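Since the structure comes first, as structure tokens, the remarks are kept for the end.
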Amino acid sequence: MENKAPGTLWVVGTPLGNPGDLSPRARQCLEEADVVLAEDTKREGLACARWGVQVKRFVSYHDHNEKEKAESVLQALREGKNIALISDAGMPVMADPGYVVIRACREAGLPVSVIPGPCAPVTALAGSGIPPQPFVFFGFLPRKRSDQEAVLAPYASIPATLVFFERKDRLQETLENACALLGPREVCVARELTKTHEEYLRFRLESIPDLSSLLGEVTVVVGPPEGNARTSREEVLAVIAEEQPLGGAPRAVARRVQARVRGWTTGEVYAILPRVK
């Protein structure tokens, strides 16, 4: 009995907002695929309806089921079925768990092909007017300040532009934290990319405007460091010498010091605090 040729996992870029950005090749793939994997099947079903795309079958694939779904995807591919992977908007895997099933396919020797399309980080970078090379993309930053410190602080002195997603209700606080960690820099907040109310807001990280009324989906582009952004150890120790006599628990002192220096996390400051006996 002749073995059936395996199907292909197609990684398909879809519009960020403007339906005109769906390529003819992406449209054909979505309509011909036996299964379309999507983070939110209801949302993507509505999106496909807006694009005039007839999908045979949606299957949910998200952060909480990606590993258990991977094996069923591999089996379907072995049976000769073609599967399309899409994200909520833009290119899959940029800020979703799609790489898990792609990695599994690669390890199993099953075909994977990409149909490129819109990508929010690259679109924001292209329209920002901020130096694009090199750049680092973080996806969504962690929520907690201490976790943001751990992510951003190492880049205080690395000559790279930083790109990340942030929810509008946390944007102001995140940018203020970024300023404390990274120092003076250009920043561009790109919102509603490719949509009717698309907007690029340019300002300085040390002069953040009131963003509390900002609406829509947001991509942030932070420019590379200007000069020596990371405060030296000697300067940090000098700030500690000023702050420690003011009192407070060591962790509170470390937080005050961290707010006055650049490129240091609270934990790093805490580690070099002289212990008062």
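Just so we're on the same page: first chain in the structure tokens is A, next is B, and so on; residues restart at 1 for each chain, and ligands are numbered from 1 in the order they show up.
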
Would you mind listing what lies within 9 Å of A:Ser23 as a PDB file with N, CA, C and O atoms, in the first residue's frame, with only C-alpha atoms counted and same-chain residues fewer than 5 positions away left out?
ATOM      1  N   GLY A  13       0.059  34.932   7.473  1.00  0.00           N
ATOM      2  CA  GLY A  13      -0.102  36.295   7.965  1.00  0.00           C
ATOM      3  C   GLY A  13      -1.456  36.853   7.549  1.00  0.00           C
ATOM      4  O   GLY A  13      -1.863  36.702   6.390  1.00  0.00           O
ATOM      5  N   THR A  14      -2.155  37.480   8.480  1.00  0.00           N
ATOM      6  CA  THR A  14      -3.477  38.049   8.203  1.00  0.00           C
ATOM      7  C   THR A  14      -3.496  39.537   8.563  1.00  0.00           C
ATOM      8  O   THR A  14      -2.606  40.020   9.261  1.00  0.00           O
ATOM      9  N   PRO A  15      -4.496  40.293   8.108  1.00  0.00           N
ATOM     10  CA  PRO A  15      -4.520  41.741   8.340  1.00  0.00           C
ATOM     11  C   PRO A  15      -4.488  42.139   9.813  1.00  0.00           C
ATOM     12  O   PRO A  15      -5.068  41.466  10.665  1.00  0.00           O
ATOM     13  N   GLN A  28      -6.429  32.141  -0.565  1.00  0.00           N
ATOM     14  CA  GLN A  28      -6.571  30.814  -1.157  1.00  0.00           C
ATOM     15  C   GLN A  28      -6.218  29.721  -0.155  1.00  0.00           C
ATOM     16  O   GLN A  28      -6.910  28.705  -0.046  1.00  0.00           O
ATOM     17  N   ILE A 115       3.322  31.884   4.633  1.00  0.00           N
ATOM     18  CA  ILE A 115       2.766  32.891   3.727  1.00  0.00           C
ATOM     19  C   ILE A 115       2.855  34.225   4.456  1.00  0.00           C
ATOM     20  O   ILE A 115       2.045  34.507   5.348  1.00  0.00           O
ATOM     21  N   PRO A 116       3.867  35.038   4.151  1.00  0.00           N
ATOM     22  CA  PRO A 116       4.090  36.263   4.931  1.00  0.00           C
ATOM     23  C   PRO A 116       2.967  37.263   4.745  1.00  0.00           C
ATOM     24  O   PRO A 116       2.252  37.265   3.736  1.00  0.00           O
ATOM     25  N   GLY A 117       2.839  38.116   5.746  1.00  0.00           N
ATOM     26  CA  GLY A 117       1.789  39.133   5.702  1.00  0.00           C
ATOM     27  C   GLY A 117       2.067  40.229   6.705  1.00  0.00           C
ATOM     28  O   GLY A 117       3.190  40.369   7.203  1.00  0.00           O
TER      29      GLY A 117
END

Per-residue nearest contacts stretch 168-198 of chain A to stretch 207-218 of chain A, cut-off 7 Å, using only C-alpha atoms, as JSON lines:
{"residue": "A:Lys168", "atom": "CA", "partner": "A:Leu214", "partner_atom": "CA", "distance": 6.5}
{"residue": "A:Gln172", "atom": "CA", "partner": "A:Leu211", "partner_atom": "CA", "distance": 6.1}
{"residue": "A:Val189", "atom": "CA", "partner": "A:Val218", "partner_atom": "CA", "distance": 6.7}
{"residue": "A:Ala190", "atom": "CA", "partner": "A:Val218", "partner_atom": "CA", "distance": 5.7}
{"residue": "A:Arg191", "atom": "CA", "partner": "A:Val218", "partner_atom": "CA", "distance": 4.5}
{"residue": "A:Glu192", "atom": "CA", "partner": "A:Glu217", "partner_atom": "CA", "distance": 5.4}

Create the file for the chosen residues now, containing all heavy atoms and written as a short mmCIF file (atom, residue, chain, number, x, y, z; two decimals), in the first residue's frame.
data_model
loop_
_atom_site.label_atom_id
_atom_site.label_comp_id
_atom_site.auth_asym_id
_atom_site.auth_seq_id
_atom_site.Cartn_x
_atom_site.Cartn_y
_atom_site.Cartn_z
N LYS A 168 -3.30 49.40 26.81
CA LYS A 168 -3.41 50.84 26.97
C LYS A 168 -3.56 51.27 28.43
O LYS A 168 -3.08 52.34 28.81
CB LYS A 168 -4.57 51.39 26.13
CG LYS A 168 -5.92 50.75 26.38
CD LYS A 168 -6.97 51.31 25.44
CE LYS A 168 -8.34 50.68 25.65
NZ LYS A 168 -8.38 49.25 25.27
N GLN A 172 1.10 53.99 30.44
CA GLN A 172 1.74 55.11 31.12
C GLN A 172 2.76 54.62 32.16
O GLN A 172 3.92 55.06 32.17
CB GLN A 172 0.67 55.97 31.81
CG GLN A 172 1.17 57.31 32.34
CD GLN A 172 1.03 58.42 31.31
OE1 GLN A 172 0.14 58.39 30.47
NE2 GLN A 172 1.90 59.41 31.37
N VAL A 189 4.75 55.65 20.05
CA VAL A 189 3.62 54.78 20.37
C VAL A 189 2.74 54.72 19.12
O VAL A 189 2.18 55.74 18.69
CB VAL A 189 2.81 55.31 21.57
CG1 VAL A 189 1.54 54.50 21.76
CG2 VAL A 189 3.67 55.27 22.83
N ALA A 190 2.66 53.53 18.53
CA ALA A 190 1.86 53.35 17.31
C ALA A 190 0.56 52.65 17.70
O ALA A 190 0.59 51.59 18.33
CB ALA A 190 2.63 52.51 16.30
N ARG A 191 -0.55 53.23 17.35
CA ARG A 191 -1.83 52.64 17.72
C ARG A 191 -2.73 52.44 16.51
O ARG A 191 -2.64 53.18 15.52
CB ARG A 191 -2.54 53.48 18.79
CG ARG A 191 -3.13 54.78 18.28
CD ARG A 191 -3.86 55.53 19.39
NE ARG A 191 -4.69 56.60 18.82
CZ ARG A 191 -5.96 56.45 18.48
NH1 ARG A 191 -6.57 55.29 18.67
NH2 ARG A 191 -6.64 57.45 17.95
N GLU A 192 -3.60 51.43 16.61
CA GLU A 192 -4.58 51.16 15.56
C GLU A 192 -3.94 51.04 14.17
O GLU A 192 -4.44 51.61 13.19
CB GLU A 192 -5.66 52.25 15.55
CG GLU A 192 -6.52 52.29 16.81
CD GLU A 192 -7.43 51.07 16.92
OE1 GLU A 192 -6.96 50.04 17.47
OE2 GLU A 192 -8.59 51.13 16.48
#

Inset, instruction - Rank A:Trp10, A:Trp264, A:Phe135, A:Tyr270 by their smallest atom-to-atom distance to A:Cys105, using only C-alpha atoms, and report the top residue only. - result: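 Counting only C-alpha atoms, the residue closest to A:Cys105 is A:Trp10.
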
Legend entry - Near-A:Leu77 list (7 Å; only C-alpha atoms; drop same-chain fewer than 3 positions) as a list in words: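 Using only C-alpha atoms, the neighbours found are Pro6, Gly7, Thr8, Val73, Leu74, Gly80, Lys81 and Asn82 of chain A.
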
Please save C-alpha atoms of the selected residues as a PDB file, in the first residue's frame.
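Saved as result22.pdb:
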ATOM      1  CA  PRO A   6       1.858  14.356   4.383  1.00  0.00           C
ATOM      2  CA  GLY A   7       0.013  17.626   4.420  1.00  0.00           C
ATOM      3  CA  THR A   8       1.613  21.018   5.065  1.00  0.00           C
ATOM      4  CA  VAL A  73      -1.979  18.458  14.443  1.00  0.00           C
ATOM      5  CA  LEU A  74       0.964  16.179  13.643  1.00  0.00           C
ATOM      6  CA  GLY A  80      -2.374  14.236   4.362  1.00  0.00           C
ATOM      7  CA  LYS A  81      -4.480  17.124   5.687  1.00  0.00           C
ATOM      8  CA  ASN A  82      -3.365  20.721   5.108  1.00  0.00           C
TER       9      ASN A  82
END

Legend entry - Within 7 Å of A:Glu79 using only C-alpha atoms, minus same-chain residues under 3 positions, as number ranges by chain: A: 4, 6, 75-76

Inset, instruction - Enumerate the residues of stretch 93-184 of chain A with a DSSP assignment of strand (DSSP E), computed from the backbone, and present them as a VMD selection string. - result: chain A and resid 112 to 115 135 to 140 161 to 166

Inset, instruction - Name the residues in contact with A:Ser157 at a cut-off of 12 Å, using only C-alpha atoms, excluding same-chain residues fewer than 6 positions from it; report them as a list in words. - result: Leu181, Leu182, Gly183, Pro184, Arg185, Gly223, Pro224, Pro225, Glu226, Gly227, Asn228, Ala229, Arg230, Thr231, Ser232, Arg262, Gly263 and Trp264 of chain A

Which polymer residues have any atom within 9 Å of an atom of A:Asp96, counting only C-alpha atoms, with same-chain residues fewer than 3 positions away left out, as a short mmCIF file (atom, residue, chain, number, x, y, z; two decimals) with C-alpha atoms, in the first residue's frame?
data_model
loop_
_atom_site.label_atom_id
_atom_site.label_comp_id
_atom_site.auth_asym_id
_atom_site.auth_seq_id
_atom_site.Cartn_x
_atom_site.Cartn_y
_atom_site.Cartn_z
CA GLU A 39 -6.28 31.57 19.13
CA HIS A 62 -3.80 29.03 22.31
CA ASP A 63 -1.47 29.37 25.30
CA SER A 87 -3.00 34.61 14.97
CA ASP A 88 -5.53 37.14 16.20
CA PRO A 92 1.67 34.12 13.85
CA VAL A 93 4.34 33.30 16.47
CA TYR A 99 6.10 28.25 17.45
CA GLY A 139 6.08 40.71 22.68
#

Inset, instruction - Rounded to one decimal place, report the atom CA of A:Phe164-atom CA of A:Val220 distance in Å. - result: 5.3 Å

Inset, instruction - Enumerate, as JSON, numbers by chain, the complete set of residues in stretch 49-270 of chain A that a backbone-based DSSP assignment places in helix (DSSP H, G or I). - result: {"A": [49, 50, 51, 66, 67, 68, 69, 70, 71, 72, 73, 74, 75, 76, 77, 78, 98, 99, 100, 101, 102, 103, 104, 105, 106, 107, 108, 120, 121, 122, 123, 124, 125, 126, 127, 128, 145, 146, 147, 148, 149, 150, 151, 152, 153, 154, 155, 171, 172, 173, 174, 175, 176, 177, 178, 179, 180, 181, 182, 233, 234, 235, 236, 237, 238, 239, 240, 241, 242, 243, 244, 245, 246, 250, 251, 252, 253, 254, 255, 256, 257, 258, 259, 260, 266, 267, 268, 269, 270]}

Legend entry - Non-local contacts of A:Glu268 (12 Å; only C-alpha atoms; under 4 positions in same chain excluded) as a list of chain:residue names: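 In the requested format, the answer is A:Ser146, A:Glu149, A:Ala150, A:Ala153, A:Pro154, A:Arg233, A:Val236, A:Leu237, A:Arg251, A:Ala254, A:Arg255, A:Val257, A:Gln258, A:Val261, A:Arg262, A:Gly263, A:Trp264, A:Ile272, A:Leu273.
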
Now that the selection is made, can you save its residues with N, CA and C atoms as a PDB file, in the first residue's frame?
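The file below, result-v3.pdb, is the result:
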ATOM      1  N   SER A 146       8.920  44.640  38.878  1.00  0.00           N
ATOM      2  CA  SER A 146      10.187  43.930  39.067  1.00  0.00           C
ATOM      3  C   SER A 146      10.521  43.048  37.873  1.00  0.00           C
ATOM      4  N   GLU A 149      11.696  45.253  35.067  1.00  0.00           N
ATOM      5  CA  GLU A 149      13.084  45.627  35.327  1.00  0.00           C
ATOM      6  C   GLU A 149      14.028  44.538  34.823  1.00  0.00           C
ATOM      7  N   ALA A 150      13.707  43.293  35.132  1.00  0.00           N
ATOM      8  CA  ALA A 150      14.571  42.178  34.739  1.00  0.00           C
ATOM      9  C   ALA A 150      14.685  42.072  33.221  1.00  0.00           C
ATOM     10  N   ALA A 153      16.318  46.159  31.932  1.00  0.00           N
ATOM     11  CA  ALA A 153      17.590  46.680  32.450  1.00  0.00           C
ATOM     12  C   ALA A 153      18.811  46.221  31.651  1.00  0.00           C
ATOM     13  N   PRO A 154      18.890  44.955  31.206  1.00  0.00           N
ATOM     14  CA  PRO A 154      20.079  44.545  30.442  1.00  0.00           C
ATOM     15  C   PRO A 154      20.283  45.324  29.149  1.00  0.00           C
ATOM     16  N   ARG A 233      28.836  51.597  38.749  1.00  0.00           N
ATOM     17  CA  ARG A 233      28.728  51.067  40.113  1.00  0.00           C
ATOM     18  C   ARG A 233      29.125  52.127  41.140  1.00  0.00           C
ATOM     19  N   VAL A 236      26.290  54.490  41.627  1.00  0.00           N
ATOM     20  CA  VAL A 236      25.210  53.849  42.378  1.00  0.00           C
ATOM     21  C   VAL A 236      25.547  53.822  43.865  1.00  0.00           C
ATOM     22  N   LEU A 237      26.799  53.499  44.186  1.00  0.00           N
ATOM     23  CA  LEU A 237      27.210  53.474  45.593  1.00  0.00           C
ATOM     24  C   LEU A 237      27.114  54.863  46.217  1.00  0.00           C
ATOM     25  N   ARG A 251      15.060  46.928  51.273  1.00  0.00           N
ATOM     26  CA  ARG A 251      14.368  46.846  49.989  1.00  0.00           C
ATOM     27  C   ARG A 251      13.792  48.206  49.573  1.00  0.00           C
ATOM     28  N   ALA A 254      16.642  50.314  48.356  1.00  0.00           N
ATOM     29  CA  ALA A 254      17.028  49.864  47.014  1.00  0.00           C
ATOM     30  C   ALA A 254      16.071  50.422  45.960  1.00  0.00           C
ATOM     31  N   ARG A 255      14.776  50.466  46.270  1.00  0.00           N
ATOM     32  CA  ARG A 255      13.805  51.007  45.311  1.00  0.00           C
ATOM     33  C   ARG A 255      14.041  52.500  45.078  1.00  0.00           C
ATOM     34  N   VAL A 257      16.881  54.115  45.399  1.00  0.00           N
ATOM     35  CA  VAL A 257      18.120  54.246  44.636  1.00  0.00           C
ATOM     36  C   VAL A 257      17.875  53.895  43.170  1.00  0.00           C
ATOM     37  N   GLN A 258      17.152  52.804  42.946  1.00  0.00           N
ATOM     38  CA  GLN A 258      16.902  52.366  41.568  1.00  0.00           C
ATOM     39  C   GLN A 258      16.187  53.443  40.765  1.00  0.00           C
ATOM     40  N   VAL A 261      18.848  55.948  39.340  1.00  0.00           N
ATOM     41  CA  VAL A 261      19.937  55.506  38.474  1.00  0.00           C
ATOM     42  C   VAL A 261      19.377  54.903  37.191  1.00  0.00           C
ATOM     43  N   ARG A 262      20.248  54.488  36.296  1.00  0.00           N
ATOM     44  CA  ARG A 262      19.844  53.939  35.007  1.00  0.00           C
ATOM     45  C   ARG A 262      20.442  52.554  34.808  1.00  0.00           C
ATOM     46  N   GLY A 263      19.610  51.632  34.297  1.00  0.00           N
ATOM     47  CA  GLY A 263      20.119  50.325  33.908  1.00  0.00           C
ATOM     48  C   GLY A 263      20.350  49.348  35.048  1.00  0.00           C
ATOM     49  N   TRP A 264      19.844  49.662  36.236  1.00  0.00           N
ATOM     50  CA  TRP A 264      19.973  48.769  37.385  1.00  0.00           C
ATOM     51  C   TRP A 264      18.585  48.340  37.832  1.00  0.00           C
ATOM     52  N   ILE A 272      24.063  45.108  46.439  1.00  0.00           N
ATOM     53  CA  ILE A 272      25.308  45.820  46.797  1.00  0.00           C
ATOM     54  C   ILE A 272      25.096  46.816  47.957  1.00  0.00           C
ATOM     55  N   LEU A 273      23.905  46.792  48.559  1.00  0.00           N
ATOM     56  CA  LEU A 273      23.662  47.672  49.697  1.00  0.00           C
ATOM     57  C   LEU A 273      24.566  47.276  50.872  1.00  0.00           C
TER      58      LEU A 273
END

Legend entry - Atomic separation - atom CA of A:Pro131 relative to atom CA of A:Thr194, Å: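 Interatomic distance, atom CA of A:Thr194 to atom CA of A:Pro131: 21.1 Å.
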